[in-house]
Every structure is written in C-alpha cells, then in structure tokens.
$ cat input_5.cif   # mmCIF, C-alpha atoms
data_start
loop_
_atom_site.group_PDB
_atom_site.id
_atom_site.type_symbol
_atom_site.label_atom_id
_atom_site.label_comp_id
_atom_site.auth_asym_id
_atom_site.auth_seq_id
_atom_site.Cartn_x
_atom_site.Cartn_y
_atom_site.Cartn_z
ATOM 1 C CA MET A 1 -52.687 101.250 -173.242
ATOM 2 C CA ALA A 2 -50.106 104.027 -173.420
ATOM 3 C CA ILE A 3 -49.257 106.515 -170.707
ATOM 4 C CA VAL A 4 -48.941 109.846 -172.507
ATOM 5 C CA LEU A 5 -46.966 112.618 -170.825
ATOM 6 C CA ALA A 6 -48.085 116.010 -172.154
ATOM 7 C CA SER A 7 -44.769 117.657 -171.261
ATOM 8 C CA ALA A 8 -41.376 118.408 -172.769
ATOM 9 C CA SER A 9 -39.724 118.508 -169.326
ATOM 10 C CA PRO A 10 -36.732 116.177 -169.170
ATOM 11 C CA ARG A 11 -37.212 115.888 -165.401
ATOM 12 C CA ARG A 12 -40.831 114.744 -165.718
ATOM 13 C CA ARG A 13 -39.797 112.316 -168.434
ATOM 14 C CA GLU A 14 -37.041 110.889 -166.239
ATOM 15 C CA LEU A 15 -39.449 110.388 -163.338
ATOM 16 C CA MET A 16 -42.106 108.744 -165.524
ATOM 17 C CA GLU A 17 -39.541 106.424 -167.127
ATOM 18 C CA MET A 18 -38.974 104.864 -163.694
ATOM 19 C CA PHE A 19 -42.535 103.525 -163.777
ATOM 20 C CA ALA A 20 -43.770 103.395 -167.335
ATOM 21 C CA ALA A 21 -40.712 103.161 -169.605
ATOM 22 C CA GLN A 22 -42.189 100.515 -171.913
ATOM 23 C CA ASN A 23 -45.520 102.198 -172.567
ATOM 24 C CA LEU A 24 -44.570 105.861 -172.070
ATOM 25 C CA VAL A 25 -45.268 108.288 -174.910
ATOM 26 C CA ILE A 26 -43.956 111.855 -174.766
ATOM 27 C CA CYS A 27 -46.283 114.298 -176.497
ATOM 28 C CA PRO A 28 -45.591 117.880 -175.330
ATOM 29 C CA ALA A 29 -48.456 120.333 -175.280
ATOM 30 C CA LYS A 30 -47.819 123.450 -177.336
ATOM 31 C CA GLY A 31 -50.700 125.686 -176.285
ATOM 32 C CA GLU A 32 -50.346 129.063 -174.646
ATOM 33 C CA GLU A 33 -50.215 128.956 -170.856
ATOM 34 C CA LYS A 34 -52.969 131.255 -169.615
ATOM 35 C CA VAL A 35 -53.161 131.921 -165.892
ATOM 36 C CA PRO A 36 -56.775 132.295 -164.733
ATOM 37 C CA ALA A 37 -57.443 135.761 -163.268
ATOM 38 C CA GLY A 38 -57.814 135.753 -159.494
ATOM 39 C CA ALA A 39 -56.901 132.074 -159.140
ATOM 40 C CA THR A 40 -54.969 130.742 -156.161
ATOM 41 C CA PRO A 41 -51.596 129.093 -156.881
ATOM 42 C CA GLY A 42 -53.201 125.643 -156.606
ATOM 43 C CA GLU A 43 -56.056 126.577 -158.941
ATOM 44 C CA THR A 44 -53.538 128.074 -161.372
ATOM 45 C CA VAL A 45 -51.396 124.955 -161.710
ATOM 46 C CA GLU A 46 -54.448 122.708 -161.944
ATOM 47 C CA ALA A 47 -55.882 124.861 -164.752
ATOM 48 C CA LEU A 48 -52.572 124.832 -166.647
ATOM 49 C CA ALA A 49 -52.150 121.062 -166.212
ATOM 50 C CA ARG A 50 -55.761 120.496 -167.336
ATOM 51 C CA ALA A 51 -55.229 122.609 -170.463
ATOM 52 C CA LYS A 52 -52.121 120.607 -171.410
ATOM 53 C CA ALA A 53 -53.812 117.254 -170.870
ATOM 54 C CA ARG A 54 -56.941 118.269 -172.798
ATOM 55 C CA GLU A 55 -54.860 119.618 -175.699
ATOM 56 C CA ILE A 56 -53.049 116.298 -176.097
ATOM 57 C CA ALA A 57 -56.253 114.294 -175.592
ATOM 58 C CA ALA A 58 -57.856 116.235 -178.452
ATOM 59 C CA ALA A 59 -54.798 115.781 -180.673
ATOM 60 C CA ARG A 60 -54.717 112.008 -180.036
ATOM 61 C CA ARG A 61 -58.486 111.452 -180.293
ATOM 62 C CA GLY A 62 -59.135 108.158 -182.024
ATOM 63 C CA GLU A 63 -55.665 106.693 -181.392
ATOM 64 C CA SER A 64 -56.561 104.751 -178.250
ATOM 65 C CA GLU A 65 -59.476 105.430 -175.985
ATOM 66 C CA ASP A 66 -57.695 103.510 -173.202
ATOM 67 C CA ASP A 67 -54.651 105.804 -173.116
ATOM 68 C CA VAL A 68 -53.892 107.718 -169.943
ATOM 69 C CA ILE A 69 -52.854 111.314 -170.510
ATOM 70 C CA ILE A 70 -50.920 113.223 -167.855
ATOM 71 C CA GLY A 71 -50.559 116.994 -167.848
ATOM 72 C CA ALA A 72 -48.476 118.834 -165.264
ATOM 73 C CA ASP A 73 -47.419 122.391 -164.540
ATOM 74 C CA THR A 74 -45.170 123.835 -161.837
ATOM 75 C CA ILE A 75 -44.826 127.322 -160.405
ATOM 76 C CA VAL A 76 -42.910 128.905 -157.574
ATOM 77 C CA TRP A 77 -45.005 131.153 -155.304
ATOM 78 C CA HIS A 78 -43.319 133.821 -153.196
ATOM 79 C CA CYS A 79 -44.478 137.192 -151.814
ATOM 80 C CA ASP A 80 -47.926 136.744 -153.426
ATOM 81 C CA ARG A 81 -46.367 136.382 -156.871
ATOM 82 C CA ILE A 82 -45.922 133.583 -159.401
ATOM 83 C CA TYR A 83 -42.380 132.837 -160.489
ATOM 84 C CA GLY A 84 -42.467 130.907 -163.735
ATOM 85 C CA LYS A 85 -39.541 130.304 -166.086
ATOM 86 C CA PRO A 86 -37.400 133.422 -166.472
ATOM 87 C CA HIS A 87 -37.435 135.120 -169.879
ATOM 88 C CA SER A 88 -34.065 136.798 -169.460
ATOM 89 C CA ARG A 89 -30.881 136.709 -167.454
ATOM 90 C CA GLU A 90 -32.059 139.815 -165.579
ATOM 91 C CA GLU A 91 -35.375 138.206 -164.648
ATOM 92 C CA ALA A 92 -33.556 135.078 -163.409
ATOM 93 C CA ALA A 93 -31.281 137.225 -161.233
ATOM 94 C CA GLU A 94 -34.283 139.129 -159.840
ATOM 95 C CA MET A 95 -36.036 135.859 -158.932
ATOM 96 C CA LEU A 96 -32.953 134.400 -157.262
ATOM 97 C CA ARG A 97 -32.316 137.594 -155.270
ATOM 98 C CA SER A 98 -35.917 137.481 -154.044
ATOM 99 C CA LEU A 99 -35.671 133.804 -153.031
ATOM 100 C CA SER A 100 -32.260 134.225 -151.347
ATOM 101 C CA GLY A 101 -32.475 133.568 -147.605
ATOM 102 C CA GLU A 102 -36.232 132.958 -147.808
ATOM 103 C CA THR A 103 -38.757 130.114 -147.783
ATOM 104 C CA HIS A 104 -41.032 129.849 -150.806
ATOM 105 C CA GLU A 105 -43.710 127.463 -152.044
ATOM 106 C CA VAL A 106 -43.598 125.190 -155.077
ATOM 107 C CA TYR A 107 -46.920 124.113 -156.581
ATOM 108 C CA THR A 108 -47.386 121.442 -159.220
ATOM 109 C CA GLY A 109 -50.763 120.735 -160.745
ATOM 110 C CA VAL A 110 -51.411 117.303 -162.206
ATOM 111 C CA CYS A 111 -54.272 116.318 -164.501
ATOM 112 C CA VAL A 112 -54.949 112.692 -165.433
ATOM 113 C CA LEU A 113 -57.353 111.917 -168.291
ATOM 114 C CA ARG A 114 -58.560 108.440 -169.186
ATOM 115 C CA GLY A 115 -61.587 108.136 -171.410
ATOM 116 C CA GLU A 116 -64.276 110.361 -169.914
ATOM 117 C CA GLU A 117 -62.589 110.462 -166.514
ATOM 118 C CA GLU A 118 -60.642 113.599 -165.528
ATOM 119 C CA LEU A 119 -58.813 114.057 -162.249
ATOM 120 C CA CYS A 120 -56.984 117.290 -161.351
ATOM 121 C CA GLU A 121 -55.097 117.915 -158.122
ATOM 122 C CA HIS A 122 -52.031 119.773 -156.909
ATOM 123 C CA GLU A 123 -49.190 119.401 -154.454
ATOM 124 C CA ARG A 124 -47.447 122.121 -152.415
ATOM 125 C CA THR A 125 -43.887 121.925 -151.068
ATOM 126 C CA PHE A 126 -41.937 124.487 -149.037
ATOM 127 C CA VAL A 127 -38.327 125.186 -150.063
ATOM 128 C CA THR A 128 -35.845 127.260 -148.051
ATOM 129 C CA PHE A 129 -32.775 128.903 -149.602
ATOM 130 C CA ARG A 130 -29.668 130.106 -147.828
ATOM 131 C CA LYS A 131 -28.437 133.635 -148.508
ATOM 132 C CA MET A 132 -26.720 133.902 -151.898
ATOM 133 C CA SER A 133 -24.111 136.432 -152.913
ATOM 134 C CA GLU A 134 -24.361 138.413 -156.142
ATOM 135 C CA ARG A 135 -21.322 136.511 -157.418
ATOM 136 C CA GLU A 136 -23.048 133.177 -156.742
ATOM 137 C CA ILE A 137 -26.236 134.321 -158.461
ATOM 138 C CA GLU A 138 -24.312 135.457 -161.550
ATOM 139 C CA ALA A 139 -22.189 132.282 -161.621
ATOM 140 C CA TYR A 140 -25.305 130.126 -161.303
ATOM 141 C CA ILE A 141 -27.029 131.949 -164.163
ATOM 142 C CA ASP A 142 -23.837 131.444 -166.227
ATOM 143 C CA THR A 143 -24.430 127.664 -165.983
ATOM 144 C CA GLY A 144 -27.682 128.081 -167.962
ATOM 145 C CA GLU A 145 -29.608 125.881 -165.523
ATOM 146 C CA PRO A 146 -31.997 128.595 -164.270
ATOM 147 C CA MET A 147 -33.353 129.509 -167.690
ATOM 148 C CA ASP A 148 -35.828 126.649 -168.172
ATOM 149 C CA LYS A 149 -36.970 126.226 -164.575
ATOM 150 C CA ALA A 150 -39.810 127.754 -162.595
ATOM 151 C CA GLY A 151 -38.316 130.104 -160.033
ATOM 152 C CA ALA A 152 -34.999 130.101 -161.945
ATOM 153 C CA TYR A 153 -33.503 127.094 -160.142
ATOM 154 C CA GLY A 154 -33.265 123.329 -160.232
ATOM 155 C CA ALA A 155 -33.202 121.691 -156.772
ATOM 156 C CA GLN A 156 -32.039 118.434 -158.365
ATOM 157 C CA GLY A 157 -29.086 120.131 -160.064
ATOM 158 C CA ILE A 158 -26.587 122.893 -159.349
ATOM 159 C CA GLY A 159 -29.337 124.855 -157.593
ATOM 160 C CA SER A 160 -29.137 122.313 -154.764
ATOM 161 C CA LEU A 161 -26.147 124.317 -153.496
ATOM 162 C CA PHE A 162 -28.629 126.940 -152.242
ATOM 163 C CA VAL A 163 -31.347 124.715 -150.730
ATOM 164 C CA THR A 164 -31.162 124.363 -146.943
ATOM 165 C CA GLY A 165 -34.490 122.605 -146.508
ATOM 166 C CA ILE A 166 -37.470 121.049 -148.220
ATOM 167 C CA GLU A 167 -40.739 120.364 -146.442
ATOM 168 C CA GLY A 168 -43.013 118.112 -148.463
ATOM 169 C CA ASP A 169 -42.618 116.088 -151.648
ATOM 170 C CA PHE A 170 -39.125 116.568 -153.157
ATOM 171 C CA PHE A 171 -40.316 115.279 -156.529
ATOM 172 C CA ASN A 172 -42.910 118.051 -156.557
ATOM 173 C CA VAL A 173 -40.004 120.517 -156.650
ATOM 174 C CA MET A 174 -38.665 118.616 -159.679
ATOM 175 C CA GLY A 175 -42.025 119.143 -161.382
ATOM 176 C CA LEU A 176 -43.963 115.920 -160.799
ATOM 177 C CA PRO A 177 -45.333 114.875 -157.387
ATOM 178 C CA VAL A 178 -44.902 111.144 -157.898
ATOM 179 C CA CYS A 179 -46.803 109.996 -154.798
ATOM 180 C CA LEU A 180 -49.856 112.112 -155.695
ATOM 181 C CA LEU A 181 -49.693 110.993 -159.336
ATOM 182 C CA GLY A 182 -49.539 107.336 -158.293
ATOM 183 C CA GLN A 183 -52.712 107.738 -156.229
ATOM 184 C CA MET A 184 -54.483 109.567 -159.054
ATOM 185 C CA LEU A 185 -53.524 106.868 -161.568
ATOM 186 C CA LYS A 186 -54.767 104.183 -159.175
ATOM 187 C CA LYS A 187 -58.192 105.882 -159.191
ATOM 188 C CA THR A 188 -58.298 105.441 -162.983
ATOM 189 C CA GLY A 189 -57.335 101.754 -162.735
ATOM 190 C CA VAL A 190 -53.601 102.131 -163.478
ATOM 191 C CA GLU A 191 -51.198 100.543 -161.003
ATOM 192 C CA LEU A 192 -47.563 101.659 -161.199
ATOM 193 C CA LEU A 193 -46.365 98.725 -159.072
#
$ encode --input "input_5.cif" --output "structure tokens"
Amino acid sequence: MAIVLASASPRRRELMEMFAAQNLVICPAKGEEKVPAGATPGETVEALARAKAREIAAARRGESEDDVIIGADTIVWHCDRIYGKPHSREEAAEMLRSLSGETHEVYTGVCVLRGEEELCEHERTFVTFRKMSEREIEAYIDTGEPMDKAGAYGAQGIGSLFVTGIEGDFFNVMGLPVCLLGQMLKKTGVELL
C-alpha cells in the first residue's frame, strides 16, 4: 500500500514524510481549481481537495486498489473573501496590507480516498497579525516567500515575524491539519503510529 499525496506543496510533503516516508508517493494534481459558486470557505476547500484526490485516483487506476490518496487545499478567509496564492507582487502587497493588524481564518480541506471509501473534512484556524509597515511588506515580498502561499505568507517561515497568535491547529496554517488527517486515515484502516 502506498500513501499518495496529490500535492506539489513542499510543506505538505515535509509533514507527510514524518509519518509515511517509506511508502509516500508524491503525485501532484494538475487540474484547474474551480471554486464552487456560493460555497462556504469549508465547502470550498473540501471541494478543491476532493477534486485533487479524484484526479490522482483516476490517473492511478489499476496501479494499486489498496493505495490511500490524500488531496488537500488551503485558503485564507478574511472580510468575506478568499485569499489564495497571489498572482503578482501587487496582489501580494494588497493581501498583506489587508491582513496587517487583523485576525483572519485559514481553512484546509482534506480528502482521503481508499478504494470506494471517500472522506472529506476541513479544519479552521485563526491567525492574528501585528501591524506591518509598508517597508516590511515590500521587504517580505522581496524574499519571494509570499508568492506561492495562500494569503501571501508562510507562518512557518519569514512570515512568522508578523504572527502574534494562532488559535487552532498550527499545521493547518502550513497546509495540512495533521491531527485531522490522522483521524481520517484511521477511519480507512491506516494507522500512522
């Protein structure tokens, strides 16, 4: 049995390698991320995670029916708006200005597929930022870190300089709520310990 991570995220890979290094397969989904109209943040990330997991399940059909496929997707939610990965330096700066001095929510959807079984859930974590100056925002963007992260920051990296508090699962902010995933895997007969 392989544990297949349907993600190119180096942070998700790092977290999964703690538990499943010997049987971990990285197989990033390539499909277009379509946000369902009118969906809540939790429904959105579950739908995106489900699409990734199903795409990889279809691509690997026939390889091993006992494989476990994990899809995940993370968004930042603030002021009734989704903050995904920024597409430009300007968009990153706009996101960071909006998050400065505020508390926002991070949602990660997780979908676990094994055979005919499909489990989809999500985790929510609250993150509070201190006020940031324009100089700090520009210097942070200069590092390149914000450009591949939902909400334009990495709490596990340089972005930690702005985080004054986290309420909930820290690993959720990194993109993979490990505790939730462990419980979901247990329901499909996979023990990480």
$ axis_aligned_box --input "input_5.cif" --around "segment 105-124 of chain A" --padding-each-side "3 Å" --output "AutoDock Vina command-line options"
--center_x -53.9 --center_y 117.8 --center_z -161.7 --size_x 26.7 --size_y 25.3 --size_z 25.4
$ residues_around --input "input_5.cif" --residues "Met184 of chain A" --least-positions-apart "4" --cutoff "10 Å" --atoms "only C-alpha atoms" --output "MDAnalysis selection string"
chainID A and resid 110:113 118:121 178:180 188:191
$ residues_around --input "input_5.cif" --residues "Leu48 of chain A" --least-positions-apart "6" --cutoff "12 Å" --atoms "only C-alpha atoms" --output "PyMOL selection string"
chain A and resi 6-7+29-36+39+41-42+54-55+70-75+107-111+120-122
$ residues_around --input "input_5.cif" --residues "Trp77 of chain A" --least-positions-apart "3" --cutoff "7 Å" --atoms "only C-alpha atoms" --output "list in words"
Asp80, Arg81, Ile82, Tyr83, His104, Glu105 and Val106 of chain A
$ resolve_selection --input "input_5.cif" --expression "the PyMOL selection byres ((chain A and resi 168) around 8)" --output "number ranges by chain"
A: 124-126, 166-167, 169-170
$ atom_distance --input "input_5.cif" --atom1 "atom CA of Val4 of chain A" --atom2 "atom CA of Cys27 of chain A"
6.5 Å
